Amino acid sequence: MTMETCATTVRQCLFPLTSEAEIVPNTKPPRNLTPGLCQRLQSEMLDACRDVASRHGLTVEAREATSVDLRWGFELAFRVSIPLPDGTALNPERLRFEAFAEAFGPSADDYGRQFSTGRETFRVIGIDPRRPKYPISAERIPDGQVFQFTAE
């Protein structure tokens, strides 16, 4: 058995109902990504995830794209959850933030708020009462890297 025949056999086992054209698209990959293409890809992937999740009675939320490097790629995250009675997704980090926020100084409404420190912009994403000196977690907007801050 040649290597090519072996590869074809493996593909047929793994993807029995998928044609070769569907596995390897004829579309030439872009030389670089653009912000617009990244947004379209995220939107299409979110639609596909929502379709799959809805077949199982679940909801899907997209997270911010992170580690964006227009030369190579970016990372996407989706949160899949059991829907609340109103159809929205449960966000345990938000609930935890709302429960502990006032004990550390911020308002419960500060979850998701953006703020700047010098040239960088962050979004509040959580609170950890086990870190009393730096209880607030915030992600840097451009790359999603998480940092800890004081409650001030």
# chains A, B, ... in the order shown; residues from 1 in each chain; ligands from 1
>>> closest_atom_pairs(of="range 122-148 of chain A", to="range 96-104 of chain A", cutoff="9 Å", atoms="only C-alpha atoms", output="tab-separated table")
residue	atom	partner	partner_atom	distance
A:Ile125	CA	A:Phe97	CA	8.2
A:Gly126	CA	A:Phe97	CA	5.6
A:Ile127	CA	A:Phe97	CA	5.4
A:Asp128	CA	A:Phe97	CA	8.2
A:Pro129	CA	A:Phe100	CA	7.3
A:Pro132	CA	A:Phe104	CA	8.0
A:Pro135	CA	A:Phe104	CA	7.7
A:Ile136	CA	A:Phe104	CA	8.9
>>> select_by_dssp(residues="range 11-139 of chain A", states="alpha helix (DSSP H)", output="VMD selection string")
chain A and resid 11 to 14 20 to 23 35 to 54 92 to 104
>>> closest_atom_pairs(of="range 22-68 of chain A", to="range 78-91 of chain A", cutoff="10 Å", atoms="only C-alpha atoms", output="JSON lines")
{"residue": "A:Gln42", "atom": "CA", "partner": "A:Phe78", "partner_atom": "CA", "distance": 9.8}
{"residue": "A:Met45", "atom": "CA", "partner": "A:Phe78", "partner_atom": "CA", "distance": 9.3}
{"residue": "A:Leu46", "atom": "CA", "partner": "A:Phe78", "partner_atom": "CA", "distance": 7.6}
{"residue": "A:Cys49", "atom": "CA", "partner": "A:Phe78", "partner_atom": "CA", "distance": 8.2}
{"residue": "A:Arg50", "atom": "CA", "partner": "A:Val80", "partner_atom": "CA", "distance": 8.8}
{"residue": "A:Ala53", "atom": "CA", "partner": "A:Val80", "partner_atom": "CA", "distance": 7.4}
{"residue": "A:His56", "atom": "CA", "partner": "A:Ile82", "partner_atom": "CA", "distance": 9.5}
{"residue": "A:Gly57", "atom": "CA", "partner": "A:Ile82", "partner_atom": "CA", "distance": 7.3}
{"residue": "A:Leu58", "atom": "CA", "partner": "A:Ile82", "partner_atom": "CA", "distance": 5.0}
{"residue": "A:Thr59", "atom": "CA", "partner": "A:Ser81", "partner_atom": "CA", "distance": 5.4}
{"residue": "A:Val60", "atom": "CA", "partner": "A:Val80", "partner_atom": "CA", "distance": 4.5}
{"residue": "A:Glu61", "atom": "CA", "partner": "A:Arg79", "partner_atom": "CA", "distance": 5.1}
{"residue": "A:Ala62", "atom": "CA", "partner": "A:Phe78", "partner_atom": "CA", "distance": 4.5}
{"residue": "A:Arg63", "atom": "CA", "partner": "A:Phe78", "partner_atom": "CA", "distance": 5.7}
{"residue": "A:Glu64", "atom": "CA", "partner": "A:Phe78", "partner_atom": "CA", "distance": 8.9}
{"residue": "A:Ala65", "atom": "CA", "partner": "A:Phe78", "partner_atom": "CA", "distance": 9.8}
>>> atom_distance(atom1="CA of Tyr134 in chain A", atom2="CA of Arg119 in chain A")
20.7 Å
>>> residues_around(residues="Glu120 in chain A", least_positions_apart="2", cutoff="10 Å", atoms="only C-alpha atoms", output="list in words")
Phe115, Ser116, Thr117, Gly118, Phe122, Arg140, Ile141 and Pro142 of chain A
>>> write_last_selection(atoms="N, CA and C atoms", output="PDB file, in the first residue's frame")
ATOM      1  N   PHE A 115     -11.580  50.357  31.094  1.00  0.00           N
ATOM      2  CA  PHE A 115     -10.828  51.453  31.686  1.00  0.00           C
ATOM      3  C   PHE A 115      -9.435  51.470  31.068  1.00  0.00           C
ATOM      4  N   SER A 116      -8.767  52.606  31.201  1.00  0.00           N
ATOM      5  CA  SER A 116      -7.421  52.758  30.637  1.00  0.00           C
ATOM      6  C   SER A 116      -6.420  53.055  31.731  1.00  0.00           C
ATOM      7  N   THR A 117      -5.222  52.539  31.534  1.00  0.00           N
ATOM      8  CA  THR A 117      -4.086  52.873  32.391  1.00  0.00           C
ATOM      9  C   THR A 117      -2.975  53.293  31.446  1.00  0.00           C
ATOM     10  N   GLY A 118      -2.788  54.565  31.308  1.00  0.00           N
ATOM     11  CA  GLY A 118      -1.790  55.040  30.346  1.00  0.00           C
ATOM     12  C   GLY A 118      -2.271  54.781  28.928  1.00  0.00           C
ATOM     13  N   PHE A 122      -8.336  48.102  29.250  1.00  0.00           N
ATOM     14  CA  PHE A 122      -8.683  46.835  29.882  1.00  0.00           C
ATOM     15  C   PHE A 122     -10.191  46.724  30.058  1.00  0.00           C
ATOM     16  N   ARG A 140      -6.606  42.721  29.030  1.00  0.00           N
ATOM     17  CA  ARG A 140      -6.155  43.779  28.133  1.00  0.00           C
ATOM     18  C   ARG A 140      -6.896  43.589  26.829  1.00  0.00           C
ATOM     19  N   ILE A 141      -7.533  44.644  26.323  1.00  0.00           N
ATOM     20  CA  ILE A 141      -8.413  44.558  25.159  1.00  0.00           C
ATOM     21  C   ILE A 141      -7.716  44.009  23.909  1.00  0.00           C
ATOM     22  N   PRO A 142      -6.570  44.500  23.494  1.00  0.00           N
ATOM     23  CA  PRO A 142      -6.040  44.023  22.216  1.00  0.00           C
ATOM     24  C   PRO A 142      -5.702  42.536  22.168  1.00  0.00           C
TER      25      PRO A 142
END
>>> residues_around(residues="Glu139 in chain A", least_positions_apart="5", cutoff="9 Å", atoms="only C-alpha atoms", output="PyMOL selection string")
chain A and resi 121-125+144-148
>>> write_last_selection(atoms="N, CA and C atoms", output="mmCIF file, in the first residue's frame")
data_model
loop_
_atom_site.group_PDB
_atom_site.id
_atom_site.type_symbol
_atom_site.label_atom_id
_atom_site.label_comp_id
_atom_site.auth_asym_id
_atom_site.auth_seq_id
_atom_site.Cartn_x
_atom_site.Cartn_y
_atom_site.Cartn_z
ATOM 1 N N THR A 121 -5.845 49.656 27.296
ATOM 2 C CA THR A 121 -7.249 49.584 27.677
ATOM 3 C C THR A 121 -7.556 48.171 28.162
ATOM 4 N N PHE A 122 -8.336 48.102 29.250
ATOM 5 C CA PHE A 122 -8.683 46.835 29.882
ATOM 6 C C PHE A 122 -10.191 46.724 30.058
ATOM 7 N N ARG A 123 -10.663 45.495 30.261
ATOM 8 C CA ARG A 123 -12.067 45.229 30.562
ATOM 9 C C ARG A 123 -12.117 44.393 31.837
ATOM 10 N N VAL A 124 -12.962 44.801 32.797
ATOM 11 C CA VAL A 124 -13.124 44.073 34.060
ATOM 12 C C VAL A 124 -13.827 42.743 33.760
ATOM 13 N N ILE A 125 -13.190 41.631 34.178
ATOM 14 C CA ILE A 125 -13.759 40.308 33.877
ATOM 15 C C ILE A 125 -13.975 39.433 35.104
ATOM 16 N N GLY A 144 -6.199 40.122 25.084
ATOM 17 C CA GLY A 144 -6.902 39.251 26.008
ATOM 18 C C GLY A 144 -6.082 38.777 27.202
ATOM 19 N N GLN A 145 -4.860 39.270 27.359
ATOM 20 C CA GLN A 145 -4.032 38.865 28.484
ATOM 21 C C GLN A 145 -4.668 39.407 29.773
ATOM 22 N N VAL A 146 -4.701 38.568 30.817
ATOM 23 C CA VAL A 146 -5.375 38.915 32.055
ATOM 24 C C VAL A 146 -4.375 39.465 33.070
ATOM 25 N N PHE A 147 -4.786 40.533 33.767
ATOM 26 C CA PHE A 147 -3.976 41.179 34.794
ATOM 27 C C PHE A 147 -4.821 41.351 36.037
ATOM 28 N N GLN A 148 -4.152 41.483 37.196
ATOM 29 C CA GLN A 148 -4.850 41.747 38.456
ATOM 30 C C GLN A 148 -4.631 43.200 38.862
#
>>> atom_distance(atom1="CA of Leu41 in chain A", atom2="CA of Arg55 in chain A")
21.6 Å
>>> select_by_dssp(residues="chain A", states="strand (DSSP E)", output="PyMOL selection string")
chain A and resi 59-62+66-69+73-75+78-81+114-117+120-127+136-140+146-149
>>> closest_residue(among="A:Lys28, A:Val68, A:Gly36, A:Asp51", to="Asp143 in chain A", atoms="only C-alpha atoms")
A:Val68
